[in-house]
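K.L.:
Input coords-v1.txt, format and content: compact mmCIF, C-alpha atoms.
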```txt
# COMPACT_ATOMS: atom_id res chain seq x y z
CA MET A 1 0.82 -6.40 -16.26
CA LYS A 2 -2.03 -5.29 -18.47
CA ALA A 3 -3.42 -1.79 -18.17
CA ARG A 4 -6.54 -1.65 -16.06
CA LYS A 5 -9.04 0.97 -15.04
CA LEU A 6 -8.21 2.64 -11.77
CA LEU A 7 -11.03 4.34 -9.96
CA ALA A 8 -11.08 8.06 -9.40
CA VAL A 9 -9.33 11.10 -10.69
CA SER A 10 -5.99 9.48 -9.99
CA ALA A 11 -5.14 6.16 -8.47
CA ALA A 12 -3.10 5.82 -5.38
CA VAL A 13 -0.30 4.29 -3.47
CA MET A 14 0.27 2.92 0.03
CA ILE A 15 2.65 5.20 1.71
CA THR A 16 5.91 3.54 2.44
CA ALA A 17 8.80 5.90 2.33
CA GLY A 18 11.73 7.02 4.33
CA LEU A 19 13.39 10.13 5.47
CA ALA A 20 16.58 12.13 5.37
CA ALA A 21 18.16 15.52 5.16
CA CYS A 22 16.82 18.37 3.12
CA GLY A 23 16.01 19.52 -0.41
CA SER A 24 18.56 20.90 -2.79
CA GLY A 25 18.48 24.61 -3.48
CA ASP A 26 15.71 27.05 -4.30
CA ASP A 27 14.87 25.72 -7.79
CA ASN A 28 15.52 22.71 -9.93
CA SER A 29 17.79 24.29 -12.52
CA GLU A 30 20.95 22.31 -13.16
CA SER A 31 24.42 23.52 -12.29
CA SER A 32 27.87 22.08 -11.95
CA GLY A 33 27.28 21.87 -8.22
CA ASP A 34 24.28 19.54 -8.51
CA LYS A 35 26.06 16.43 -7.34
CA THR A 36 24.08 15.55 -4.21
CA LEU A 37 20.69 14.00 -3.57
CA THR A 38 18.82 13.30 -0.37
CA PHE A 39 16.67 10.18 -0.34
CA TRP A 40 14.06 9.09 2.20
CA HIS A 41 12.72 5.54 2.32
CA ASN A 42 11.06 3.26 4.89
CA SER A 43 13.17 0.09 4.73
CA THR A 44 14.75 0.19 8.15
CA THR A 45 15.98 -3.40 8.39
CA GLY A 46 16.84 -6.56 6.48
CA GLU A 47 16.74 -7.16 2.75
CA GLY A 48 14.93 -3.96 1.86
CA LYS A 49 17.45 -1.74 3.62
CA ALA A 50 20.31 -3.69 2.02
CA TYR A 51 18.68 -3.35 -1.41
CA TRP A 52 18.57 0.44 -1.23
CA GLU A 53 22.11 0.65 0.13
CA GLN A 54 23.45 -1.40 -2.79
CA THR A 55 21.33 0.41 -5.39
CA VAL A 56 22.49 3.80 -4.15
CA ALA A 57 26.12 2.61 -4.16
CA ASP A 58 25.72 1.40 -7.74
CA PHE A 59 24.21 4.73 -8.81
CA GLU A 60 27.08 6.64 -7.21
CA LYS A 61 29.60 4.37 -8.95
CA ALA A 62 27.89 4.94 -12.31
CA ASN A 63 27.90 8.70 -11.68
CA PRO A 64 31.35 9.68 -10.34
CA GLY A 65 31.23 12.57 -7.90
CA VAL A 66 27.55 12.09 -7.05
CA LYS A 67 26.62 11.55 -3.41
CA VAL A 68 23.21 10.27 -2.30
CA THR A 69 22.45 10.77 1.39
CA VAL A 70 20.00 8.13 2.60
CA GLN A 71 17.94 7.88 5.75
CA ALA A 72 15.41 5.18 6.57
CA ILE A 73 12.40 5.87 8.81
CA GLN A 74 9.87 3.41 10.19
CA ASN A 75 6.81 3.26 7.97
CA GLU A 76 4.24 4.41 10.52
CA ASP A 77 6.28 7.56 11.18
CA MET A 78 6.49 8.51 7.53
CA ASP A 79 3.32 10.44 6.78
CA GLY A 80 3.68 13.08 9.43
CA LYS A 81 7.41 13.65 9.01
CA LEU A 82 7.26 13.88 5.25
CA GLN A 83 4.32 16.26 5.30
CA THR A 84 6.13 18.49 7.80
CA ALA A 85 9.24 18.52 5.61
CA LEU A 86 7.23 19.33 2.48
CA ASN A 87 5.36 22.15 4.19
CA SER A 88 8.62 23.63 5.48
CA GLY A 89 10.10 23.68 1.97
CA ASP A 90 13.02 21.62 3.29
CA ALA A 91 12.00 18.21 1.94
CA PRO A 92 14.22 15.40 0.60
CA ASP A 93 14.97 15.36 -3.10
CA VAL A 94 13.54 11.84 -3.50
CA PHE A 95 10.61 10.57 -1.46
CA MET A 96 7.81 8.04 -1.66
CA ALA A 97 5.07 8.95 -4.11
CA ARG A 98 1.51 9.35 -2.88
CA GLY A 99 -1.41 8.73 -5.17
CA GLY A 100 -5.05 9.71 -5.04
CA GLY A 101 -6.06 12.70 -2.95
CA LYS A 102 -2.72 12.70 -1.15
CA LEU A 103 -0.79 13.12 -4.39
CA ALA A 104 -3.28 15.67 -5.70
CA ASP A 105 -2.84 17.74 -2.54
CA VAL A 106 0.96 17.73 -2.88
CA VAL A 107 0.68 18.67 -6.56
CA ALA A 108 -1.70 21.52 -5.76
CA ALA A 109 0.78 22.81 -3.19
CA GLY A 110 3.56 22.88 -5.81
CA GLN A 111 5.72 20.51 -3.78
CA VAL A 112 6.43 17.78 -6.34
CA MET A 113 8.12 17.68 -9.75
CA ASP A 114 6.37 16.88 -13.04
CA LEU A 115 8.20 13.84 -14.42
CA SER A 116 6.17 13.46 -17.61
CA SER A 117 9.01 14.33 -20.00
CA SER A 118 11.78 12.75 -17.92
CA ILE A 119 10.85 9.07 -17.86
CA ASP A 120 13.10 6.82 -19.91
CA PRO A 121 11.27 5.33 -22.94
CA ALA A 122 12.42 1.85 -21.89
CA VAL A 123 10.73 2.35 -18.52
CA LYS A 124 7.55 3.59 -20.16
CA SER A 125 7.35 0.45 -22.28
CA ALA A 126 8.00 -1.85 -19.29
CA VAL A 127 5.39 -0.30 -16.97
CA SER A 128 1.71 -0.34 -17.93
CA ASP A 129 -0.24 2.84 -18.53
CA GLY A 130 -2.61 1.75 -15.77
CA THR A 131 0.25 1.60 -13.29
CA PHE A 132 1.57 5.02 -14.27
CA GLN A 133 -1.98 6.35 -13.96
CA ALA A 134 -1.72 5.69 -10.25
CA LEU A 135 0.80 8.52 -9.97
CA THR A 136 -0.82 10.86 -12.47
CA VAL A 137 -2.77 14.04 -11.78
CA ASP A 138 -4.48 16.04 -14.54
CA GLY A 139 -2.60 14.11 -17.21
CA LYS A 140 0.86 14.69 -15.75
CA THR A 141 3.03 12.07 -14.05
CA TYR A 142 4.46 12.93 -10.65
CA GLY A 143 5.96 9.64 -9.52
CA MET A 144 7.93 6.62 -10.72
CA PRO A 145 6.11 3.36 -9.89
CA THR A 146 8.22 0.68 -8.24
CA SER A 147 5.72 -1.97 -7.14
CA ILE A 148 2.10 -3.03 -7.49
CA LEU A 149 0.35 -3.66 -4.19
CA PRO A 150 -3.08 -5.28 -4.53
CA GLY A 151 -4.77 -6.30 -1.31
CA GLY A 152 -6.37 -9.49 -0.07
CA ILE A 153 -6.17 -12.03 2.72
CA TYR A 154 -2.85 -13.72 3.47
CA TYR A 155 -3.18 -16.95 5.43
CA SER A 156 -1.27 -19.87 6.88
CA LYS A 157 -1.94 -23.06 4.95
CA ASP A 158 -0.72 -25.11 7.91
CA LEU A 159 -3.15 -23.47 10.34
CA PHE A 160 -6.04 -23.82 7.90
CA LYS A 161 -5.23 -27.52 7.58
CA GLN A 162 -4.97 -27.86 11.37
CA ALA A 163 -8.45 -26.35 11.69
CA GLY A 164 -9.90 -28.64 9.03
CA ILE A 165 -10.48 -25.89 6.45
CA THR A 166 -10.28 -27.55 3.04
CA ASP A 167 -11.67 -24.83 0.76
CA LEU A 168 -10.68 -21.18 0.67
CA PRO A 169 -13.47 -18.77 1.64
CA LYS A 170 -15.28 -17.36 -1.38
CA SER A 171 -18.10 -15.60 0.46
CA ILE A 172 -18.42 -13.84 3.80
CA ASP A 173 -20.43 -16.82 5.02
CA ASP A 174 -17.46 -19.02 4.11
CA LEU A 175 -15.13 -16.67 5.99
CA ASN A 176 -17.35 -16.82 9.07
CA ALA A 177 -17.33 -20.62 8.89
CA ALA A 178 -13.52 -20.61 8.67
CA VAL A 179 -13.32 -18.30 11.70
CA THR A 180 -15.52 -20.71 13.66
CA LYS A 181 -13.30 -23.67 12.78
CA LEU A 182 -10.12 -21.80 13.66
CA LYS A 183 -11.48 -20.73 17.04
CA ALA A 184 -12.60 -24.28 17.76
CA ALA A 185 -9.02 -25.41 17.07
CA GLY A 186 -7.64 -22.83 19.50
CA ILE A 187 -6.21 -20.64 16.73
CA GLN A 188 -6.61 -16.87 16.57
CA PRO A 189 -8.39 -16.43 13.22
CA ILE A 190 -7.51 -12.91 12.06
CA ALA A 191 -4.59 -10.67 13.01
CA VAL A 192 -5.27 -6.92 12.95
CA GLY A 193 -2.84 -4.15 13.84
CA ALA A 194 -5.49 -1.64 14.90
CA LYS A 195 -3.00 0.44 16.88
CA ASP A 196 -1.91 1.86 13.52
CA ALA A 197 -5.56 2.44 12.47
CA TRP A 198 -5.24 1.81 8.72
CA PRO A 199 -4.96 -2.02 9.01
CA ALA A 200 -8.29 -2.14 10.83
CA ALA A 201 -9.79 0.31 8.37
CA HIS A 202 -8.83 -2.04 5.53
CA TRP A 203 -11.72 -4.23 6.59
CA PHE A 204 -14.15 -1.36 6.02
CA TYR A 205 -12.50 -0.56 2.67
CA PHE A 206 -13.00 -4.06 1.36
CA PHE A 207 -16.56 -4.38 2.63
CA ALA A 208 -17.22 -1.10 0.79
CA LEU A 209 -15.57 -2.49 -2.36
CA ARG A 210 -18.09 -5.33 -2.29
CA GLU A 211 -21.16 -3.34 -1.14
CA CYS A 212 -20.70 -0.25 -3.35
CA SER A 213 -21.08 -0.14 -7.12
CA GLN A 214 -18.26 1.14 -9.28
CA ASP A 215 -20.28 4.32 -9.86
CA ALA A 216 -20.68 4.86 -6.12
CA LEU A 217 -16.95 4.39 -5.60
CA ASN A 218 -16.15 6.84 -8.39
CA LYS A 219 -18.56 9.45 -7.03
CA ALA A 220 -17.05 9.22 -3.55
CA ALA A 221 -13.58 9.56 -5.05
CA GLU A 222 -14.61 12.80 -6.73
CA THR A 223 -16.50 14.34 -3.81
CA ARG A 224 -14.64 12.65 -0.93
CA LYS A 225 -18.06 12.19 0.67
CA PHE A 226 -20.05 9.08 1.57
CA GLU A 227 -23.57 9.73 0.25
CA ASP A 228 -24.65 6.28 -0.99
CA PRO A 229 -26.27 3.92 1.58
CA CYS A 230 -23.65 1.31 0.66
CA TRP A 231 -21.11 3.07 2.92
CA THR A 232 -23.28 2.57 5.97
CA LYS A 233 -23.93 -1.01 4.89
CA ALA A 234 -20.16 -1.63 4.72
CA GLY A 235 -19.85 -0.44 8.31
CA GLU A 236 -22.69 -2.69 9.37
CA ASP A 237 -20.97 -5.66 7.69
CA LEU A 238 -17.77 -4.97 9.59
CA GLN A 239 -19.64 -4.45 12.85
CA LYS A 240 -21.36 -7.81 12.37
CA LEU A 241 -18.05 -9.56 11.63
CA ALA A 242 -16.39 -7.95 14.66
CA GLY A 243 -19.26 -9.22 16.79
CA THR A 244 -18.07 -12.79 16.19
CA GLN A 245 -14.74 -11.84 17.84
CA PRO A 246 -12.52 -13.03 14.96
CA PHE A 247 -9.55 -10.77 15.72
CA ASN A 248 -6.46 -11.46 17.78
CA LYS A 249 -6.49 -10.79 21.50
CA GLY A 250 -5.62 -7.14 22.14
CA PHE A 251 -5.94 -6.18 18.48
CA LEU A 252 -6.76 -2.57 19.35
CA THR A 253 -3.26 -2.14 20.83
CA THR A 254 -1.46 -4.37 18.31
CA SER A 255 0.85 -2.69 15.79
CA ALA A 256 0.88 -3.76 12.15
CA GLN A 257 4.49 -4.46 11.26
CA GLN A 258 6.79 -3.93 14.22
CA GLY A 259 8.08 -7.08 15.90
CA ALA A 260 6.84 -10.60 16.55
CA GLY A 261 3.81 -9.27 18.42
CA SER A 262 2.57 -7.22 15.49
CA SER A 263 -0.24 -8.48 13.27
CA ALA A 264 2.27 -9.52 10.58
CA GLY A 265 4.41 -11.11 13.30
CA LEU A 266 1.48 -13.17 14.55
CA VAL A 267 1.02 -14.65 11.08
CA ALA A 268 4.78 -15.08 10.65
CA ASN A 269 4.99 -17.15 13.83
CA HIS A 270 1.76 -19.11 13.40
CA LYS A 271 0.02 -17.27 16.23
CA ALA A 272 -2.84 -16.18 13.95
CA ALA A 273 -4.17 -17.62 10.70
CA MET A 274 -5.04 -14.62 8.51
CA GLU A 275 -4.27 -10.97 7.82
CA LEU A 276 -5.97 -8.59 5.38
CA MET A 277 -3.12 -6.64 3.82
CA GLY A 278 -1.43 -5.45 0.62
CA ALA A 279 1.25 -7.20 -1.41
CA TRP A 280 4.04 -5.85 0.78
CA ASP A 281 2.89 -8.27 3.48
CA PRO A 282 4.92 -11.34 2.38
CA GLY A 283 8.09 -9.30 2.77
CA VAL A 284 7.12 -7.98 6.18
CA ILE A 285 6.10 -11.46 7.30
CA ALA A 286 9.41 -12.89 6.03
CA SER A 287 11.33 -10.35 8.10
CA LEU A 288 9.49 -11.50 11.23
CA THR A 289 9.77 -15.29 10.93
CA LYS A 290 12.23 -17.02 13.26
CA ASP A 291 14.74 -17.55 10.44
CA THR A 292 13.86 -14.26 8.67
CA LYS A 293 12.94 -16.21 5.55
CA PRO A 294 9.64 -16.27 3.63
CA LEU A 295 6.86 -18.16 5.40
CA ALA A 296 6.79 -21.49 3.56
CA ASP A 297 3.06 -22.10 4.01
CA LEU A 298 1.86 -18.56 3.21
CA GLY A 299 -1.11 -18.42 0.89
CA TRP A 300 -3.45 -15.72 -0.42
CA PHE A 301 -7.08 -15.37 -1.46
CA PRO A 302 -9.15 -12.36 -2.56
CA PHE A 303 -11.56 -10.66 -0.21
CA PRO A 304 -14.77 -12.71 -0.21
CA SER A 305 -17.93 -11.74 -2.05
CA ILE A 306 -21.06 -10.44 -0.32
CA ASN A 307 -24.53 -11.69 -1.15
CA GLY A 308 -26.51 -8.75 -2.53
CA GLY A 309 -23.52 -6.41 -2.76
CA GLN A 310 -23.48 -3.91 -5.62
CA GLY A 311 -19.74 -4.22 -6.26
CA ASP A 312 -18.18 -6.78 -8.59
CA GLY A 313 -17.05 -9.78 -6.54
CA THR A 314 -13.74 -9.91 -8.43
CA ALA A 315 -12.89 -6.19 -8.16
CA MET A 316 -9.63 -5.47 -6.38
CA MET A 317 -8.25 -2.77 -4.12
CA GLY A 318 -4.67 -1.74 -3.71
CA GLY A 319 -2.12 0.78 -4.77
CA VAL A 320 1.20 1.45 -6.40
CA ASP A 321 4.36 2.30 -4.53
CA GLY A 322 6.59 4.79 -6.23
CA PHE A 323 9.00 7.65 -5.71
CA SER A 324 8.76 11.35 -6.54
CA CYS A 325 11.17 14.25 -6.83
CA PHE A 326 10.72 17.31 -4.64
CA ALA A 327 9.84 20.39 -6.69
CA LYS A 328 13.16 22.05 -5.77
CA ALA A 329 15.36 19.01 -6.43
CA PRO A 330 18.00 19.08 -9.22
CA LYS A 331 15.82 17.75 -12.01
CA LYS A 332 18.26 15.79 -14.16
CA LEU A 333 20.07 14.16 -11.24
CA CYS A 334 16.84 13.26 -9.47
CA THR A 335 15.16 11.81 -12.55
CA ASP A 336 18.35 9.98 -13.53
CA PHE A 337 18.18 8.22 -10.16
CA LEU A 338 14.53 7.26 -10.68
CA ASN A 339 15.25 5.86 -14.14
CA PHE A 340 18.33 4.05 -12.83
CA PHE A 341 16.52 1.92 -10.27
CA MET A 342 13.79 1.09 -12.78
CA GLN A 343 16.17 -0.96 -14.92
CA LYS A 344 15.20 -4.63 -15.09
CA LYS A 345 18.10 -5.70 -12.87
CA TYR A 346 17.06 -3.37 -10.07
CA GLN A 347 13.34 -4.04 -10.42
CA GLU A 348 14.08 -7.75 -10.07
CA GLY A 349 16.22 -6.99 -7.05
CA TYR A 350 13.45 -4.86 -5.57
CA ALA A 351 10.90 -7.66 -6.03
CA ASN A 352 13.21 -10.19 -4.39
CA ALA A 353 14.25 -7.93 -1.52
CA PHE A 354 10.73 -6.82 -0.64
CA HIS A 355 8.98 -10.08 -1.61
CA THR A 356 6.50 -8.11 -3.67
CA ILE A 357 5.27 -7.50 -7.23
CA PRO A 358 7.50 -5.15 -9.28
CA ALA A 359 5.92 -2.46 -11.43
CA SER A 360 7.99 -3.44 -14.48
CA LYS A 361 6.38 -6.21 -16.53
CA ASP A 362 9.90 -7.20 -17.63
CA ALA A 363 10.81 -8.06 -14.03
CA GLN A 364 7.63 -9.87 -12.97
CA GLY A 365 9.11 -13.22 -13.95
CA VAL A 366 10.98 -13.27 -10.64
CA VAL A 367 7.69 -13.44 -8.73
CA THR A 368 7.63 -17.08 -7.67
CA GLU A 369 6.13 -17.08 -4.18
CA PRO A 370 2.69 -18.72 -4.48
CA ALA A 371 0.84 -16.03 -2.52
CA LEU A 372 2.21 -13.27 -4.72
CA LYS A 373 1.60 -15.19 -7.95
CA ASP A 374 -2.05 -15.68 -6.99
CA ASN A 375 -2.31 -12.01 -6.08
CA LEU A 376 -0.81 -10.89 -9.40
CA ALA A 377 -3.14 -13.16 -11.37
CA ALA A 378 -6.17 -11.78 -9.53
CA ILE A 379 -5.36 -8.14 -10.17
CA ASN A 380 -4.61 -8.84 -13.82
CA ALA A 381 -8.08 -10.36 -14.14
CA ALA A 382 -9.92 -7.69 -12.12
CA PRO A 383 -12.59 -5.68 -13.98
CA TYR A 384 -11.59 -2.58 -12.01
CA VAL A 385 -9.23 -1.65 -9.20
CA SER A 386 -9.97 0.82 -6.43
CA VAL A 387 -7.31 2.60 -4.46
CA TRP A 388 -6.79 2.37 -0.70
CA LEU A 389 -9.50 4.71 0.50
CA ASP A 390 -7.45 6.69 3.02
CA THR A 391 -4.93 7.49 0.29
CA LEU A 392 -7.58 8.18 -2.32
CA TYR A 393 -9.45 10.71 -0.21
CA GLY A 394 -6.40 12.62 1.03
CA GLN A 395 -4.90 12.89 4.46
CA ASN A 396 -7.66 14.73 6.33
CA VAL A 397 -10.61 12.68 5.08
CA GLY A 398 -8.55 9.48 5.10
CA ASN A 399 -7.53 9.96 8.72
CA ALA A 400 -11.13 10.66 9.70
CA LEU A 401 -12.21 7.43 8.00
CA ASN A 402 -9.53 5.33 9.70
CA THR A 403 -10.26 6.84 13.10
CA GLY A 404 -13.98 6.25 12.70
CA VAL A 405 -13.46 2.57 11.93
CA VAL A 406 -11.20 2.02 14.93
CA ASP A 407 -13.62 3.89 17.19
CA MET A 408 -16.43 1.60 16.07
CA LEU A 409 -14.35 -1.52 16.69
CA ALA A 410 -13.52 -0.14 20.13
CA GLY A 411 -17.21 0.30 20.92
CA LYS A 412 -17.06 4.10 20.76
CA GLY A 413 -18.94 4.58 17.50
CA ASP A 414 -21.16 2.97 14.90
CA PRO A 415 -21.45 2.79 11.08
CA ALA A 416 -23.36 6.08 10.96
CA ALA A 417 -20.54 7.78 12.88
CA ILE A 418 -17.99 6.58 10.32
CA VAL A 419 -20.01 8.15 7.50
CA LYS A 420 -20.59 11.37 9.46
CA GLY A 421 -16.90 11.66 10.32
CA VAL A 422 -15.89 11.36 6.68
CA ASN A 423 -18.50 13.85 5.48
CA ASP A 424 -17.59 16.34 8.22
CA ALA A 425 -13.91 16.10 7.30
CA ALA A 426 -14.75 16.61 3.62
CA ALA A 427 -16.82 19.69 4.47
CA ARG A 428 -13.87 21.17 6.34
CA GLY A 429 -11.74 20.74 3.24
```
Using structure tokens, write down the structure that the file contains.
P.N.:
Amino acid sequence: MKARKLLAVSAAVMITAGLAACGSGDDNSESSGDKTLTFWHNSTTGEGKAYWEQTVADFEKANPGVKVTVQAIQNEDMDGKLQTALNSGDAPDVFMARGGGKLADVVAAGQVMDLSSSIDPAVKSAVSDGTFQALTVDGKTYGMPTSILPGGIYYSKDLFKQAGITDLPKSIDDLNAAVTKLKAAGIQPIAVGAKDAWPAAHWFYFFALRECSQDALNKAAETRKFEDPCWTKAGEDLQKLAGTQPFNKGFLTTSAQQGAGSSAGLVANHKAAMELMGAWDPGVIASLTKDTKPLADLGWFPFPSINGGQGDGTAMMGGVDGFSCFAKAPKKLCTDFLNFFMQKKYQEGYANAFHTIPASKDAQGVVTEPALKDNLAAINAAPYVSVWLDTLYGQNVGNALNTGVVDMLAGKGDPAAIVKGVNDAAARG
């Protein structure tokens, strides 16, 4: 994938990781005893879990005497548990990388290893500079990218056809018209897992991407404050959309990825027509279909344009998943593991197991699912790419943003309250 400009000081990643045991020793100097690694990831079931089990087994076989202890934790539990482990100084050796403000905060705390001189040249040539930039702070690389996760709207082609929708929505007016047709056909238009907050907040993020200029996005990334009127306008756009009642019944108590009743599960089982999500969604949906296979009629289209918006209508938002080494991990062993799973064979396996877009350009030929191919083409053509806002702004500001959006959708706030909540959180530091 070609290099592209990522907004802000550093670009970011969606957090998807897992958990396990503790860090190795008090420093990262090598010794004859450095034969163990602890590895946390978030693939608790299915193909993803099997992928990591096989990859770890292969690494151990290639490195006699090495033992990698693995633990998988459900995605929505990850942030809090990993942050607690990092703050205690007893973190896993290998954990999911966090970009944007989240990564910058971990770097500032001295909790993550600088990988700049440890990345295999073959990996550097296979992964674009723009993708590595997502896990870079002040010119140093702190994570190994594994997948590219641009966002957009995943939809059921069958349900669109059933509702008489013949053209994909290109504008918000088009989206509203599609919602009207779906409701008339007795189909829930949009699935949202608002119980987990961030899926609902995605709608605000993308309205902001369309309402705010690139300069306004960059300024907010630097200050972590919402000072441009476009942020309030984005909230008003979402409030107006929500007023048409496009979301699934009980969306405020619906989870994002856990079970058939989750937002991804509703799409997987044709109970809802659309979901705004990142490129991990096809894999999650596949795990929740009745036969646990990819949804045959799954399609994708970019977030619609907004008439009068200051953002480029083809700009994208997303992130990069990757893995980091704890600052106290055995450096050579930890970085050997990162380089190992970035080989073409394992990047192809990762893409197939997670039904997503691999970070390595050499492995992107295995991306054949139509929804993912369309997604990859769109991000390659994007003039600029913003990062998921909750990741970009760091945990405190990001959580305030997500909470403010959910409160508004629940009738307990308004667009001005979202902006105030973010600015108050930024002021607290």
K.L.:
Counting all atoms listed in the file, which residue out of A:Tyr346, A:Phe337, A:Phe206, A:Phe95 sits closest to Val66 (chain A)?
P.N.:
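Using all atoms listed in the file, the shortest distance to Val66 (chain A) belongs to A:Phe337.
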K.L.:
Smallest atom-to-atom distance to Ile357 (chain A): which of A:Pro121, A:Gly398, A:Gly319, A:Pro229, using all atoms listed in the file?
P.N.:
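Of A:Pro121, A:Gly398, A:Gly319, A:Pro229, the one nearest Ile357 (chain A) is A:Gly319, counting all atoms listed in the file.
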K.L.:
Write out as a list of chain:residue names each polymer residue whose atoms come within 9 Å of region 374-376 of chain A, counting all atoms listed in the file; drop sequence neighbours fewer than 2 positions from it.
P.N.:
A:Met1, A:Ile148, A:Leu149, A:Pro150, A:Gly151, A:Gly152, A:Ala279, A:Gly299, A:Trp300, A:Phe301, A:Pro302, A:Ile357, A:Val367, A:Glu369, A:Pro370, A:Ala371, A:Leu372, A:Ala378, A:Ile379, A:Asn380, A:Ala381
K.L.:
Identify, on the basis of only C-alpha atoms, every residue whose closest approach to Thr36 (chain A) does not exceed 9 Å; exclude the query and any residue fewer than 5 positions from it along the same chain; express the result as a list in words.
P.N.:
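Those residues are Ser24, Gly65, Val66, Lys67, Val68, Thr69, Pro330 and Leu333 of chain A.
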K.L.:
For Val387 (chain A), which residue out of A:Ala185, A:Met316, A:Val419, A:Val137 is the nearest one, using only C-alpha atoms?
P.N.:
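Ranked by minimum distance to Val387 (chain A), first place goes to A:Met316.
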K.L.:
Which protein, DNA or RNA residues have an atom at most 12 Å from (19.6, -6.2, 2.0), counting only C-alpha atoms? List them as a list in words.
P.N.:
Ser43, Thr44, Thr45, Gly46, Glu47, Gly48, Lys49, Ala50, Tyr51, Trp52, Glu53, Gln54, Thr55, Gly283, Ser287, Thr292, Gly349, Tyr350, Ala351, Asn352, Ala353, Phe354 and His355 of chain A
K.L.:
Using all atoms listed in the file, find the one residue out of A:Thr38, A:Asn399, A:Thr141, A:Ser360 that sits nearest to Val123 (chain A).
P.N.:
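Of A:Thr38, A:Asn399, A:Thr141, A:Ser360, the one nearest Val123 (chain A) is A:Ser360, counting all atoms listed in the file.
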K.L.:
Would you mind telling me which residue in A:Phe340, A:Asp105, A:Ile187, A:Lys233 lies nearest to Asn63 (chain A) when using only C-alpha atoms?
P.N.:
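Closest candidate: A:Phe340.
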K.L.:
Find, counting all atoms listed in the file, the residue in A:Asn176, A:Lys249, A:Glu211, A:Ile153 that gets nearest to Pro282 (chain A).
P.N.:
A:Ile153
K.L.:
As lines of an AutoDock Vina configuration file, please report the centre and edge lengths, rounded to one decimal in Å, of the axis-aligned box that holds all listed atoms of region 92-108 of chain A with 8 Å of padding on each of the six sides.
P.N.:
```
center_x = 4.5
center_y = 14.8
center_z = -3.0
size_x = 37.0
size_y = 29.5
size_z = 23.2
```
K.L.:
Find the residues near Ala163 (chain A): any atom within 12 Å, counting all atoms listed in the file, skip ones fewer than 5 places away on the same chain, and give them as a PDB file with C-alpha atoms, in the frame of the given file.
P.N.:
```pdb
ATOM      1  CA  SER A 156      -1.270 -19.870   6.880  1.00  0.00           C
ATOM      2  CA  LYS A 157      -1.940 -23.060   4.950  1.00  0.00           C
ATOM      3  CA  ASP A 158      -0.720 -25.110   7.910  1.00  0.00           C
ATOM      4  CA  ALA A 177     -17.330 -20.620   8.890  1.00  0.00           C
ATOM      5  CA  ALA A 178     -13.520 -20.610   8.670  1.00  0.00           C
ATOM      6  CA  VAL A 179     -13.320 -18.300  11.700  1.00  0.00           C
ATOM      7  CA  THR A 180     -15.520 -20.710  13.660  1.00  0.00           C
ATOM      8  CA  LYS A 181     -13.300 -23.670  12.780  1.00  0.00           C
ATOM      9  CA  LEU A 182     -10.120 -21.800  13.660  1.00  0.00           C
ATOM     10  CA  LYS A 183     -11.480 -20.730  17.040  1.00  0.00           C
ATOM     11  CA  ALA A 184     -12.600 -24.280  17.760  1.00  0.00           C
ATOM     12  CA  ALA A 185      -9.020 -25.410  17.070  1.00  0.00           C
ATOM     13  CA  GLY A 186      -7.640 -22.830  19.500  1.00  0.00           C
ATOM     14  CA  ILE A 187      -6.210 -20.640  16.730  1.00  0.00           C
ATOM     15  CA  GLN A 188      -6.610 -16.870  16.570  1.00  0.00           C
ATOM     16  CA  PRO A 189      -8.390 -16.430  13.220  1.00  0.00           C
ATOM     17  CA  ALA A 272      -2.840 -16.180  13.950  1.00  0.00           C
ATOM     18  CA  ALA A 273      -4.170 -17.620  10.700  1.00  0.00           C
TER      19      ALA A 273
END
```
